[in-house]
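Structure file work-v3.cif; described as mmCIF, C-alpha atoms (C1' of nucleotides).
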```cif
data_my_file
loop_
_atom_site.label_atom_id
_atom_site.label_comp_id
_atom_site.auth_asym_id
_atom_site.auth_seq_id
_atom_site.Cartn_x
_atom_site.Cartn_y
_atom_site.Cartn_z
CA MET A 14 0.00 0.00 0.00
CA SER A 15 1.26 3.49 -0.81
CA ALA A 16 2.21 5.87 1.95
CA ALA A 17 -0.58 8.27 1.00
CA ASP A 18 -3.20 5.53 1.28
CA THR A 19 -1.95 4.35 4.64
CA ARG A 20 -1.84 7.90 5.90
CA GLN A 21 -5.40 8.43 4.75
CA GLN A 22 -6.51 5.26 6.50
CA ILE A 23 -4.88 6.34 9.74
CA VAL A 24 -6.49 9.77 9.62
CA GLU A 25 -9.94 8.37 8.92
CA ALA A 26 -9.69 5.81 11.69
CA ALA A 27 -8.42 8.49 14.08
CA ASP A 28 -11.26 10.80 13.06
CA LYS A 29 -13.81 8.15 13.97
CA LEU A 30 -12.12 7.21 17.25
CA PHE A 31 -11.55 10.81 18.35
CA TYR A 32 -15.27 11.37 17.87
CA GLU A 33 -16.41 8.21 19.62
CA GLN A 34 -13.90 8.05 22.48
CA GLY A 35 -12.35 11.50 22.59
CA PHE A 36 -8.86 12.61 21.67
CA GLU A 37 -7.02 11.86 24.88
CA THR A 38 -8.64 8.52 25.54
CA THR A 39 -7.77 7.24 22.10
CA ALA A 40 -4.40 5.48 22.22
CA PHE A 41 -2.20 4.59 19.30
CA ALA A 42 -3.05 0.99 20.08
CA ASP A 43 -6.72 1.79 19.32
CA ILE A 44 -5.90 3.31 15.95
CA ALA A 45 -3.52 0.46 15.27
CA ALA A 46 -6.25 -2.09 15.93
CA ALA A 47 -8.67 -0.21 13.66
CA THR A 48 -6.20 0.08 10.79
CA ARG A 49 -4.55 -3.28 11.40
CA LEU A 50 -1.16 -1.67 11.45
CA SER A 51 1.53 -2.14 14.05
CA ARG A 52 1.99 0.56 16.65
CA GLY A 53 5.55 1.34 15.67
CA ASN A 54 4.57 1.92 12.09
CA PHE A 55 2.64 5.03 12.95
CA TYR A 56 5.78 6.98 13.49
CA TYR A 57 6.69 6.61 9.86
CA HIS A 58 3.58 8.61 8.98
CA PHE A 59 3.15 10.86 12.00
CA LYS A 60 5.82 11.93 14.43
CA THR A 61 3.42 12.73 17.29
CA LYS A 62 -0.20 12.30 18.29
CA ASP A 63 -0.72 16.03 17.84
CA GLU A 64 0.18 15.68 14.18
CA ILE A 65 -2.58 13.13 13.80
CA LEU A 66 -4.97 15.54 15.48
CA ALA A 67 -4.00 18.30 13.06
CA ALA A 68 -4.58 15.97 10.14
CA VAL A 69 -7.97 14.95 11.54
CA VAL A 70 -9.05 18.57 11.94
CA ALA A 71 -7.87 19.32 8.38
CA LEU A 72 -9.95 16.40 7.17
CA ARG A 73 -12.99 17.69 9.04
CA LEU A 74 -12.54 21.16 7.61
CA ASP A 75 -12.45 19.70 4.10
CA ARG A 76 -15.52 17.56 4.64
CA THR A 77 -17.43 20.44 6.22
CA ARG A 78 -16.64 22.70 3.25
CA GLN A 79 -17.88 20.02 0.88
CA MET A 80 -21.05 19.48 2.89
CA LEU A 81 -21.83 23.18 3.04
CA ASP A 82 -21.25 23.54 -0.72
CA HIS A 83 -23.51 20.61 -1.30
CA TRP A 84 -26.29 22.05 0.87
CA ARG A 85 -26.14 25.35 -0.94
CA GLU A 86 -26.19 23.76 -4.38
CA ARG A 87 -29.05 21.44 -3.55
CA ALA A 88 -31.22 23.99 -1.73
CA CYS A 89 -33.96 26.13 -3.23
CA GLY A 90 -32.68 29.42 -1.85
CA PRO A 91 -31.09 30.44 1.45
CA ARG A 92 -34.04 29.57 3.68
CA ASP A 93 -34.00 26.02 2.39
CA ALA A 94 -30.24 25.89 2.91
CA LEU A 95 -30.69 26.91 6.54
CA ARG A 96 -33.23 24.16 6.95
CA SER A 97 -30.59 21.68 5.80
CA PHE A 98 -28.46 22.77 8.71
CA ALA A 99 -31.26 22.11 11.19
CA GLN A 100 -32.17 18.80 9.58
CA MET A 101 -28.59 17.62 10.06
CA LEU A 102 -29.41 17.18 13.75
CA ILE A 103 -32.16 14.72 12.88
CA ALA A 104 -30.14 12.92 10.23
CA ASN A 105 -27.26 12.38 12.64
CA ARG A 106 -29.39 11.84 15.73
CA GLU A 107 -28.09 8.37 16.56
CA ALA A 108 -24.44 9.46 16.57
CA ILE A 109 -25.27 12.69 18.40
CA MET A 110 -27.13 10.89 21.17
CA ARG A 111 -24.21 8.55 21.62
CA HIS A 112 -21.24 10.88 21.16
CA GLY A 113 -22.49 14.47 20.99
CA CYS A 114 -21.52 16.97 18.30
CA PRO A 115 -18.10 16.14 16.79
CA VAL A 116 -17.08 19.78 16.63
CA GLY A 117 -18.41 20.86 20.00
CA THR A 118 -17.06 17.93 21.97
CA LEU A 119 -13.60 18.21 20.41
CA CYS A 120 -13.42 21.94 21.12
CA ALA A 121 -14.53 21.38 24.70
CA GLU A 122 -11.93 18.67 25.22
CA LEU A 123 -9.09 20.71 23.71
CA ALA A 124 -10.11 23.73 25.78
CA LYS A 125 -9.81 21.65 28.95
CA LEU A 126 -6.48 20.24 27.88
CA ASP A 127 -5.29 23.74 27.06
CA HIS A 128 -4.21 22.21 23.79
CA GLY A 129 -2.67 24.28 21.01
CA GLY A 130 -4.93 22.67 18.42
CA LEU A 131 -8.02 24.39 19.85
CA ALA A 132 -7.85 27.30 17.43
CA GLN A 133 -7.79 24.92 14.48
CA ALA A 134 -10.72 22.98 15.90
CA THR A 135 -12.84 26.11 16.37
CA ASP A 136 -12.18 26.91 12.72
CA VAL A 137 -14.76 24.27 11.91
CA PHE A 138 -17.26 26.34 13.90
CA VAL A 139 -16.13 29.43 12.01
CA LEU A 140 -16.80 27.66 8.74
CA PHE A 141 -20.39 26.96 9.81
CA ARG A 142 -20.84 30.44 11.21
CA ARG A 143 -19.73 32.13 7.99
CA TRP A 144 -21.89 29.91 5.86
CA LEU A 145 -24.93 30.49 8.05
CA ALA A 146 -24.30 34.24 8.03
CA GLU A 147 -24.15 34.20 4.22
CA GLN A 148 -27.60 32.66 4.09
CA PHE A 149 -28.99 35.30 6.43
CA VAL A 150 -27.43 38.04 4.31
CA ALA A 151 -29.13 36.54 1.28
CA LEU A 152 -32.41 36.70 3.23
CA GLY A 153 -31.96 40.44 3.72
CA ARG A 154 -30.66 40.28 7.29
CA ALA A 155 -27.21 41.67 6.53
CA PRO A 156 -27.02 43.91 9.64
CA ASP A 157 -27.31 41.08 12.17
CA ALA A 158 -26.46 38.09 10.00
CA HIS A 159 -23.48 37.29 12.21
CA ASP A 160 -25.58 37.26 15.39
CA LEU A 161 -28.29 35.15 13.82
CA ALA A 162 -25.67 32.68 12.63
CA LEU A 163 -24.23 32.39 16.14
CA HIS A 164 -27.73 31.95 17.53
CA LEU A 165 -28.40 29.04 15.21
CA LEU A 166 -25.03 27.50 15.99
CA MET A 167 -25.77 27.94 19.70
CA ARG A 168 -29.03 26.05 19.37
CA SER A 169 -27.40 23.20 17.51
CA GLN A 170 -24.79 22.89 20.25
CA GLY A 171 -27.37 22.97 23.03
CA ILE A 172 -29.49 20.34 21.31
CA ALA A 173 -26.49 18.08 20.77
CA ALA A 174 -25.34 18.47 24.37
CA LEU A 175 -28.71 17.56 25.91
CA ALA A 176 -29.41 14.83 23.37
CA ASN A 177 -26.08 13.32 24.38
CA ALA A 178 -26.89 13.55 28.09
CA PHE A 179 -30.51 12.38 27.97
CA GLY A 180 -30.63 10.30 24.78
CA ASP A 181 -34.04 11.73 23.94
CA GLU A 182 -34.91 11.59 20.25
CA THR A 183 -38.27 13.32 20.67
CA PHE A 184 -36.45 16.27 22.17
CA ILE A 185 -34.26 16.61 19.06
CA ARG A 186 -37.23 16.56 16.70
CA ARG A 187 -39.14 19.08 18.81
CA GLU A 188 -36.22 21.49 18.94
CA VAL A 189 -35.50 21.21 15.24
CA ALA A 190 -39.13 22.09 14.58
CA ALA A 191 -38.70 25.05 16.92
CA ILE A 192 -35.67 26.19 14.92
CA GLU A 193 -37.67 26.08 11.70
CA GLN A 194 -40.43 28.10 13.34
CA TRP A 195 -37.85 30.59 14.53
CA LEU A 196 -36.44 30.85 10.99
CA ASP A 197 -39.88 31.62 9.62
CA SER A 198 -40.53 34.26 12.25
CA GLU A 199 -37.12 35.91 11.87
CA CYS A 200 -37.11 35.83 8.07
CA PRO A 201 -40.75 35.82 6.96
CA VAL A 202 -41.42 34.83 3.37
CA ILE A 203 -42.02 37.97 1.33
CA ALA A 204 -44.09 37.96 -1.82
CA ALA A 205 -41.41 39.81 -3.78
CA ASP A 206 -38.96 36.95 -3.36
CA PRO A 207 -39.51 34.42 -6.15
CA ALA A 208 -37.00 31.90 -4.82
CA GLU A 209 -39.01 31.36 -1.67
CA MET B 29 -6.80 17.74 60.75
CA SER B 30 -9.73 15.35 61.03
CA ALA B 31 -10.40 12.72 58.40
CA ALA B 32 -13.68 14.35 57.47
CA ASP B 33 -11.97 17.69 56.88
CA THR B 34 -9.25 16.12 54.75
CA ARG B 35 -11.86 14.28 52.74
CA GLN B 36 -13.77 17.49 52.20
CA GLN B 37 -10.61 19.26 51.07
CA ILE B 38 -9.83 16.51 48.57
CA VAL B 39 -13.33 16.60 47.13
CA GLU B 40 -13.33 20.37 46.76
CA ALA B 41 -9.91 20.42 45.12
CA ALA B 42 -10.99 17.61 42.80
CA ASP B 43 -14.20 19.45 41.97
CA LYS B 44 -12.23 22.49 40.87
CA LEU B 45 -9.65 20.51 38.92
CA PHE B 46 -12.21 18.27 37.20
CA TYR B 47 -13.91 21.43 36.02
CA GLU B 48 -10.78 23.23 34.88
CA GLN B 49 -8.82 20.33 33.39
CA GLY B 50 -11.36 17.56 32.95
CA PHE B 51 -11.74 14.31 34.85
CA GLU B 52 -9.31 12.12 32.95
CA THR B 53 -6.56 14.71 32.64
CA THR B 54 -6.55 15.36 36.35
CA ALA B 55 -4.01 13.10 38.04
CA PHE B 56 -3.77 12.30 41.71
CA ALA B 57 -0.55 14.27 41.68
CA ASP B 58 -2.57 17.38 40.72
CA ILE B 59 -5.02 16.94 43.57
CA ALA B 60 -2.14 16.15 45.89
CA ALA B 61 -0.40 19.39 44.93
CA ALA B 62 -3.60 21.38 45.44
CA THR B 63 -4.33 19.88 48.87
CA ARG B 64 -0.67 19.62 49.92
CA LEU B 65 -1.20 16.01 50.81
CA SER B 66 1.02 13.13 49.83
CA ARG B 67 -0.09 10.99 46.95
CA GLY B 68 -0.27 7.77 48.92
CA ASN B 69 -2.49 9.35 51.51
CA PHE B 70 -5.39 9.60 49.09
CA TYR B 71 -6.04 5.93 49.34
CA TYR B 72 -6.96 6.25 52.95
CA HIS B 73 -9.88 8.43 51.96
CA PHE B 74 -10.72 7.11 48.50
CA LYS B 75 -9.93 3.69 47.12
CA THR B 76 -10.14 4.72 43.47
CA LYS B 77 -10.41 7.78 41.30
CA ASP B 78 -13.99 6.85 40.46
CA GLU B 79 -14.87 7.17 44.13
CA ILE B 80 -13.56 10.72 44.08
CA LEU B 81 -15.68 11.41 41.01
CA ALA B 82 -18.78 10.09 42.79
CA ALA B 83 -18.04 12.33 45.76
CA VAL B 84 -17.53 15.34 43.49
CA VAL B 85 -20.85 14.71 41.74
CA ALA B 86 -22.57 14.33 45.12
CA LEU B 87 -21.06 17.67 46.17
CA ARG B 88 -22.30 19.31 42.99
CA LEU B 89 -25.77 17.89 43.50
CA ASP B 90 -25.86 19.34 47.00
CA ARG B 91 -24.63 22.73 45.90
CA THR B 92 -27.07 22.83 43.02
CA ARG B 93 -29.98 22.05 45.32
CA GLN B 94 -28.91 24.84 47.64
CA MET B 95 -28.53 27.29 44.79
CA LEU B 96 -31.93 26.46 43.35
CA ASP B 97 -33.56 26.81 46.77
CA HIS B 98 -31.85 30.14 47.21
CA TRP B 99 -33.02 31.41 43.83
CA ARG B 100 -36.58 30.45 44.59
CA GLU B 101 -36.56 32.05 48.01
CA ARG B 102 -35.01 35.25 46.80
CA ALA B 103 -37.12 35.65 43.65
CA CYS B 104 -40.34 37.60 43.33
CA GLY B 105 -42.32 34.81 41.75
CA PRO B 106 -41.49 32.11 39.19
CA ARG B 107 -40.67 34.46 36.32
CA ASP B 108 -38.04 36.16 38.41
CA ALA B 109 -36.69 32.79 39.45
CA LEU B 110 -36.28 31.80 35.80
CA ARG B 111 -34.42 35.01 35.18
CA SER B 112 -31.96 34.01 37.90
CA PHE B 113 -31.20 30.92 35.87
CA ALA B 114 -30.41 32.96 32.77
CA GLN B 115 -28.39 35.50 34.72
CA MET B 116 -26.18 32.72 36.04
CA LEU B 117 -24.57 32.62 32.58
CA ILE B 118 -23.53 36.25 32.92
CA ALA B 119 -22.43 35.92 36.54
CA ASN B 120 -20.20 32.94 35.69
CA ARG B 121 -19.11 34.20 32.28
CA GLU B 122 -15.38 34.21 32.97
CA ALA B 123 -15.31 30.59 34.10
CA ILE B 124 -17.66 29.54 31.31
CA MET B 125 -15.53 31.15 28.62
CA ARG B 126 -12.48 29.38 29.97
CA HIS B 127 -13.88 25.98 30.92
CA GLY B 128 -17.45 25.69 29.62
CA CYS B 129 -20.41 24.57 31.72
CA PRO B 130 -19.33 22.30 34.61
CA VAL B 131 -22.31 20.00 34.16
CA GLY B 132 -22.28 19.84 30.39
CA THR B 133 -18.56 19.28 29.96
CA LEU B 134 -18.47 16.55 32.61
CA CYS B 135 -21.41 14.73 31.05
CA ALA B 136 -19.80 14.97 27.62
CA GLU B 137 -16.51 13.63 28.91
CA LEU B 138 -18.10 10.74 30.80
CA ALA B 139 -20.22 9.87 27.76
CA LYS B 140 -17.07 9.59 25.65
CA LEU B 141 -15.33 7.52 28.28
CA ASP B 142 -18.39 5.29 28.50
CA HIS B 143 -18.05 5.83 32.24
CA GLY B 144 -20.53 4.40 34.70
CA GLY B 145 -20.78 7.72 36.54
CA LEU B 146 -22.56 9.36 33.61
CA ALA B 147 -26.01 8.70 35.03
CA GLN B 148 -25.08 10.40 38.30
CA ALA B 149 -23.62 13.36 36.42
CA THR B 150 -26.77 13.83 34.34
CA ASP B 151 -28.73 13.90 37.60
CA VAL B 152 -27.46 17.45 38.01
CA PHE B 153 -29.18 18.27 34.73
CA VAL B 154 -32.31 16.57 35.99
CA LEU B 155 -32.23 18.73 39.10
CA PHE B 156 -32.19 21.87 36.95
CA ARG B 157 -34.82 20.51 34.60
CA ARG B 158 -37.26 19.73 37.40
CA TRP B 159 -36.76 23.08 39.04
CA LEU B 160 -37.25 24.92 35.76
CA ALA B 161 -40.35 22.88 35.02
CA GLU B 162 -41.77 23.78 38.44
CA GLN B 163 -41.43 27.46 37.63
CA PHE B 164 -43.21 27.01 34.30
CA VAL B 165 -46.01 25.12 36.04
CA ALA B 166 -46.35 28.03 38.43
CA LEU B 167 -46.63 30.30 35.40
CA GLY B 168 -49.60 28.30 34.15
CA ARG B 169 -47.73 26.26 31.56
CA ALA B 170 -48.28 22.88 33.18
CA PRO B 171 -48.98 21.00 29.93
CA ASP B 172 -45.60 21.70 28.34
CA ALA B 173 -43.56 22.72 31.40
CA HIS B 174 -41.17 19.83 30.84
CA ASP B 175 -40.49 20.83 27.23
CA LEU B 176 -40.01 24.47 28.14
CA ALA B 177 -37.56 23.47 30.86
CA LEU B 178 -35.54 21.38 28.42
CA HIS B 179 -35.58 24.25 25.93
CA LEU B 180 -34.12 26.63 28.50
CA LEU B 181 -31.53 24.07 29.55
CA MET B 182 -30.68 23.55 25.88
CA ARG B 183 -30.06 27.24 25.40
CA SER B 184 -27.83 27.46 28.43
CA GLN B 185 -25.77 24.55 27.11
CA GLY B 186 -25.46 26.04 23.65
CA ILE B 187 -24.41 29.40 25.04
CA ALA B 188 -21.81 27.82 27.29
CA ALA B 189 -20.42 25.69 24.47
CA LEU B 190 -19.96 28.59 22.05
CA ALA B 191 -18.75 30.98 24.73
CA ASN B 192 -16.11 28.38 25.55
CA ALA B 193 -15.09 27.99 21.91
CA PHE B 194 -15.11 31.66 20.92
CA GLY B 195 -14.56 33.46 24.24
CA ASP B 196 -17.10 36.11 23.25
CA GLU B 197 -18.68 37.91 26.19
CA THR B 198 -20.96 40.07 24.05
CA PHE B 199 -22.44 36.89 22.66
CA ILE B 200 -23.35 35.68 26.14
CA ARG B 201 -25.07 38.92 27.07
CA ARG B 202 -26.98 39.05 23.81
CA GLU B 203 -28.22 35.48 24.17
CA VAL B 204 -29.23 35.95 27.80
CA ALA B 205 -31.26 38.98 26.71
CA ALA B 206 -32.83 36.78 24.02
CA ILE B 207 -33.77 34.21 26.66
CA GLU B 208 -35.49 36.88 28.74
CA GLN B 209 -37.38 38.06 25.68
CA TRP B 210 -38.39 34.49 24.98
CA LEU B 211 -39.60 34.09 28.57
CA ASP B 212 -41.78 37.18 28.23
CA SER B 213 -43.24 35.98 24.94
CA GLU B 214 -43.90 32.44 26.18
CA CYS B 215 -45.29 33.48 29.54
CA PRO B 216 -46.75 36.96 29.10
CA VAL B 217 -47.45 38.91 32.27
CA ILE B 218 -51.13 38.69 33.07
CA ALA B 219 -52.93 41.34 35.05
CA ALA B 220 -54.61 38.75 37.27
CA ASP B 221 -51.27 37.62 38.66
CA PRO B 222 -50.36 39.81 41.62
CA ALA B 223 -46.87 38.30 42.09
CA GLU B 224 -45.72 39.50 38.72
"C1'" DG C 27 -4.15 9.68 60.10
"C1'" DT C 28 -0.30 10.75 57.50
"C1'" DC C 29 3.82 9.67 55.38
"C1'" DT C 30 7.55 7.15 52.06
"C1'" DA C 31 8.60 3.64 49.05
"C1'" DT C 32 7.31 0.91 45.50
"C1'" DA C 33 4.74 -2.34 42.40
"C1'" DC C 34 2.31 -2.49 38.14
"C1'" DG C 35 0.31 -1.32 33.81
"C1'" DG C 36 -0.24 1.43 29.87
"C1'" DA C 37 0.86 5.45 27.33
"C1'" DG C 38 3.86 7.78 23.74
"C1'" DA C 39 7.98 7.35 21.40
"C1'" DT C 40 12.56 5.28 19.25
"C1'" DA C 41 15.87 1.90 16.97
"C1'" DG C 42 16.83 -1.16 13.92
"C1'" DA C 43 15.68 -5.66 11.36
"C1'" DC C 44 13.19 -7.10 7.33
"C1'" DG D 27 6.87 0.80 4.23
"C1'" DT D 28 6.13 -2.27 7.73
"C1'" DC D 29 7.39 -4.89 11.49
"C1'" DT D 30 9.23 -6.28 16.51
"C1'" DA D 31 11.57 -5.08 20.48
"C1'" DT D 32 12.45 -1.88 23.70
"C1'" DC D 33 12.78 2.53 26.35
"C1'" DT D 34 11.00 5.95 29.38
"C1'" DC D 35 7.57 8.37 31.68
"C1'" DC D 36 3.44 8.75 34.21
"C1'" DG D 37 -0.85 7.29 36.37
"C1'" DT D 38 -3.21 4.25 39.56
"C1'" DA D 39 -2.88 1.55 43.38
"C1'" DT D 40 -0.74 -0.95 47.57
"C1'" DA D 41 2.21 -1.95 51.73
"C1'" DG D 42 3.97 -0.75 55.60
"C1'" DA D 43 6.68 2.60 58.63
"C1'" DC D 44 5.78 6.38 61.68
#
```

As C-alpha cells, the full file:
Amino acid sequence: MSAADTRQQIVEAADKLFYEQGFETTAFADIAAATRLSRGNFYYHFKTKDEILAAVVALRLDRTRQMLDHWRERACGPRDALRSFAQMLIANREAIMRHGCPVGTLCAELAKLDHGGLAQATDVFVLFRRWLAEQFVALGRAPDAHDLALHLLMRSQGIAALANAFGDETFIRREVAAIEQWLDSECPVIAADPAE
Amino acid sequence: MSAADTRQQIVEAADKLFYEQGFETTAFADIAAATRLSRGNFYYHFKTKDEILAAVVALRLDRTRQMLDHWRERACGPRDALRSFAQMLIANREAIMRHGCPVGTLCAELAKLDHGGLAQATDVFVLFRRWLAEQFVALGRAPDAHDLALHLLMRSQGIAALANAFGDETFIRREVAAIEQWLDSECPVIAADPAE
DNA sequence: GTCTATACGGAGATAGAC
DNA sequence: GTCTATCTCCGTATAGAC
C-alpha cells in the first residue's frame, strides 16, 4: 500500500475514534487495531499524536466545506439551505445521542487540555458560522447576520449536548421544529422573493 | 486535621480541577499538589479515582440544590426565578468562557469515556430541569412545562459551548437577553397575577 | 491519620531488522 | 513501508513505617 493511502486510513480511523472516544482517551493501540497496522509503524507517517490531530481537523474542515457547498447547491434558496443545517441534527441523531456533536465535543476537550490545536478545531465552527451568516445576508438580514448565525449554531450545540446527556430523540425533533419556526418568524417569506 | 476535613478538602480540590482540566486529565498528583497532601495518603480516603468522582458529583448535586432553593426564596415569583437561571450565565461568564459549563462538559466527557458515573452526572441536569419545570407550572404552563424546561436548559448549554469555543462575552449577554425576551413571549405577564 | 517507598500497567515514542 | 523489540515516563494503586 502506498504511503498516502496508509496515511489516509490512519487519519480516517483516528477521526472516527476521536469522535467516539475523545482525543485523549484514544491510544495509538486503538488506531492500530482499527487500521490493522503495528503501533511502531505510525511513526513513519506521523511523528506525534498532535500531528494526527491536526490531520484529523484538516480532514474535518475539508468535509465540512464540501457538505456546506452541497447544501447550498441542492437547496432552493437560502431559507431552504438553513433548513438543511437544522435537519442535520435529525439525520445524525443516533451518533449525536451517543457521542455528541463532533465539533463541540472536540473543542470542549481541547479547551480543557489547554491544547494548542483548539484554534484549528474552532475553525470548523467558524466555517459553519460564515456559511450560516451568508444565508442570512441573502435573506436580507445583513445587519445582524453574524448574530443570527451564532444563535443558530448555539441552538445546535445545546441540542447536541442535551441529546447526548438524555438520549431523547423526541427532544431533538421538537427542537429542530422550533428552529424552523424561529427561521420563519425571523425571516418571513415575502411575496417579492420568487425563490421562496 | 480530622479525616472528614481532609476528605472534604480533597473533594473540593478535585471538583475544581475536574472542572478546569477535565476528569481524565486530572491526576492524583494534581489533587495532591492542590491539597498539599502526599499521593499515597489519598487511598486512605478514597480507594479509586472513580470514588472521588462520585463524591464530586454528590457535592455538585448538594450545591445545586442549595442554589436552586436560594433562587426560589429570593425571587419575586417564578418568572423572576427563571431570570436568575439565565443571569447565572452572565455571573459565571469568565469561568464559562475558559472551561465551559461544569455540568455539560463533565457529562460529555463521561459519555465519551463510557463511564458508569454518567447517570449520576446527568442527575445534576435533571435537578435543573425539574426546578425549571416547576417554575413554568407556576406560570400556568403545566402541559408543556417539561419541554419548556428542556428548551431553556438547551439554550444554556449552547451558550456555554460557544462561549467556551469563541470566548465572546458580548455573545453571552446578547443570548441571555434573548432568553429573557423568549420568557416574556412564552409566559406573558397577566394582570390577574399579583406576584408578577 | 499521615507519610515514604514501590509495584504495576499502559501510554507515547525510538531503533533497527526485514 | 512495515514490522518487533524496547525505552521511558506517568498514572493508579498498595504496603507498611511512623

Show me, as JSON lines, the residues of chain C having an atom within 8 Å of chain B, each with the closest atom pair and its distance in Å, using all atoms listed in the file.
```
{"residue": "C:DG27", "atom": "C1'", "partner": "B:Ala31", "partner_atom": "CA", "distance": 7.2}
{"residue": "C:DT28", "atom": "C1'", "partner": "B:Asn69", "partner_atom": "CA", "distance": 6.5}
{"residue": "C:DC29", "atom": "C1'", "partner": "B:Ser66", "partner_atom": "CA", "distance": 7.1}
```

Closest contacts (chain A/chain B, max 7 Å, only C-alpha atoms) as JSON lines:
```
{"residue": "A:Glu33", "atom": "CA", "partner": "B:Lys140", "partner_atom": "CA", "distance": 6.2}
{"residue": "A:Gln34", "atom": "CA", "partner": "B:Lys140", "partner_atom": "CA", "distance": 4.7}
{"residue": "A:Gly35", "atom": "CA", "partner": "B:Lys140", "partner_atom": "CA", "distance": 5.9}
{"residue": "A:His112", "atom": "CA", "partner": "B:Lys140", "partner_atom": "CA", "distance": 6.3}
{"residue": "A:Gly117", "atom": "CA", "partner": "B:Ala189", "partner_atom": "CA", "distance": 6.9}
{"residue": "A:Thr118", "atom": "CA", "partner": "B:Ala136", "partner_atom": "CA", "distance": 6.9}
{"residue": "A:Cys120", "atom": "CA", "partner": "B:Ala193", "partner_atom": "CA", "distance": 6.3}
{"residue": "A:Ala121", "atom": "CA", "partner": "B:Thr133", "partner_atom": "CA", "distance": 7.0}
{"residue": "A:Ala124", "atom": "CA", "partner": "B:His127", "partner_atom": "CA", "distance": 6.8}
{"residue": "A:Lys125", "atom": "CA", "partner": "B:Gln49", "partner_atom": "CA", "distance": 4.7}
{"residue": "A:Leu126", "atom": "CA", "partner": "B:Gln49", "partner_atom": "CA", "distance": 6.0}
{"residue": "A:Thr135", "atom": "CA", "partner": "B:Ala193", "partner_atom": "CA", "distance": 6.3}
{"residue": "A:Met167", "atom": "CA", "partner": "B:Gly186", "partner_atom": "CA", "distance": 4.4}
{"residue": "A:Arg168", "atom": "CA", "partner": "B:Gly186", "partner_atom": "CA", "distance": 5.6}
{"residue": "A:Gln170", "atom": "CA", "partner": "B:Gly186", "partner_atom": "CA", "distance": 4.7}
{"residue": "A:Gly171", "atom": "CA", "partner": "B:Gly186", "partner_atom": "CA", "distance": 3.7}
{"residue": "A:Ile172", "atom": "CA", "partner": "B:Met182", "partner_atom": "CA", "distance": 5.7}
{"residue": "A:Ala174", "atom": "CA", "partner": "B:Gln185", "partner_atom": "CA", "distance": 6.7}
{"residue": "A:Leu175", "atom": "CA", "partner": "B:Met182", "partner_atom": "CA", "distance": 6.3}
{"residue": "A:Ala178", "atom": "CA", "partner": "B:Thr150", "partner_atom": "CA", "distance": 6.3}
```

Quick one: distance from CA of Lys75 (chain B) to CA of Gln37 (chain B) in Å, one decimal?
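Taking CA of Lys75 (chain B) and CA of Gln37 (chain B), their separation equals 16.1 Å.
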
Result set, the PyMOL selection byres ((chain D and resi 41-43) around 9) on current file, as a ChimeraX atom specification
/C:29-32 /D:40,44

Selection under test: the PyMOL selection byres ((chain B and resi 167) around 12); residues as JSON, numbers by chain:
{"B": [105, 106, 107, 108, 109, 110, 160, 161, 162, 163, 164, 165, 166, 168, 169, 170, 171, 172, 173, 176, 211, 212, 214, 215, 216, 217, 218, 220, 221, 222, 223, 224]}

Writing out the chosen residues with C-alpha atoms as a PDB file, in the coordinates of the input:
```pdb
ATOM      1  CA  GLY B 105     -42.320  34.810  41.750  1.00  0.00           C
ATOM      2  CA  PRO B 106     -41.490  32.110  39.190  1.00  0.00           C
ATOM      3  CA  ARG B 107     -40.670  34.460  36.320  1.00  0.00           C
ATOM      4  CA  ASP B 108     -38.040  36.160  38.410  1.00  0.00           C
ATOM      5  CA  ALA B 109     -36.690  32.790  39.450  1.00  0.00           C
ATOM      6  CA  LEU B 110     -36.280  31.800  35.800  1.00  0.00           C
ATOM      7  CA  LEU B 160     -37.250  24.920  35.760  1.00  0.00           C
ATOM      8  CA  ALA B 161     -40.350  22.880  35.020  1.00  0.00           C
ATOM      9  CA  GLU B 162     -41.770  23.780  38.440  1.00  0.00           C
ATOM     10  CA  GLN B 163     -41.430  27.460  37.630  1.00  0.00           C
ATOM     11  CA  PHE B 164     -43.210  27.010  34.300  1.00  0.00           C
ATOM     12  CA  VAL B 165     -46.010  25.120  36.040  1.00  0.00           C
ATOM     13  CA  ALA B 166     -46.350  28.030  38.430  1.00  0.00           C
ATOM     14  CA  GLY B 168     -49.600  28.300  34.150  1.00  0.00           C
ATOM     15  CA  ARG B 169     -47.730  26.260  31.560  1.00  0.00           C
ATOM     16  CA  ALA B 170     -48.280  22.880  33.180  1.00  0.00           C
ATOM     17  CA  PRO B 171     -48.980  21.000  29.930  1.00  0.00           C
ATOM     18  CA  ASP B 172     -45.600  21.700  28.340  1.00  0.00           C
ATOM     19  CA  ALA B 173     -43.560  22.720  31.400  1.00  0.00           C
ATOM     20  CA  LEU B 176     -40.010  24.470  28.140  1.00  0.00           C
ATOM     21  CA  LEU B 211     -39.600  34.090  28.570  1.00  0.00           C
ATOM     22  CA  ASP B 212     -41.780  37.180  28.230  1.00  0.00           C
ATOM     23  CA  GLU B 214     -43.900  32.440  26.180  1.00  0.00           C
ATOM     24  CA  CYS B 215     -45.290  33.480  29.540  1.00  0.00           C
ATOM     25  CA  PRO B 216     -46.750  36.960  29.100  1.00  0.00           C
ATOM     26  CA  VAL B 217     -47.450  38.910  32.270  1.00  0.00           C
ATOM     27  CA  ILE B 218     -51.130  38.690  33.070  1.00  0.00           C
ATOM     28  CA  ALA B 220     -54.610  38.750  37.270  1.00  0.00           C
ATOM     29  CA  ASP B 221     -51.270  37.620  38.660  1.00  0.00           C
ATOM     30  CA  PRO B 222     -50.360  39.810  41.620  1.00  0.00           C
ATOM     31  CA  ALA B 223     -46.870  38.300  42.090  1.00  0.00           C
ATOM     32  CA  GLU B 224     -45.720  39.500  38.720  1.00  0.00           C
TER      33      GLU B 224
END
```

Residues of chain B within 8 Å of chain D, counting all atoms listed in the file - could you list those as a PyMOL selection string?
chain B and resi 55-56+76

Could you work out how far CA of Val69 (chain A) lies from CA of Val24 (chain A), giving the answer in Å with one decimal?
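If I compute the distance from CA of Val24 (chain A) to CA of Val69 (chain A), I get 5.7 Å.
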
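CA of Val70 (chain A) is positioned 16.4 Å from CA of His58 (chain A).
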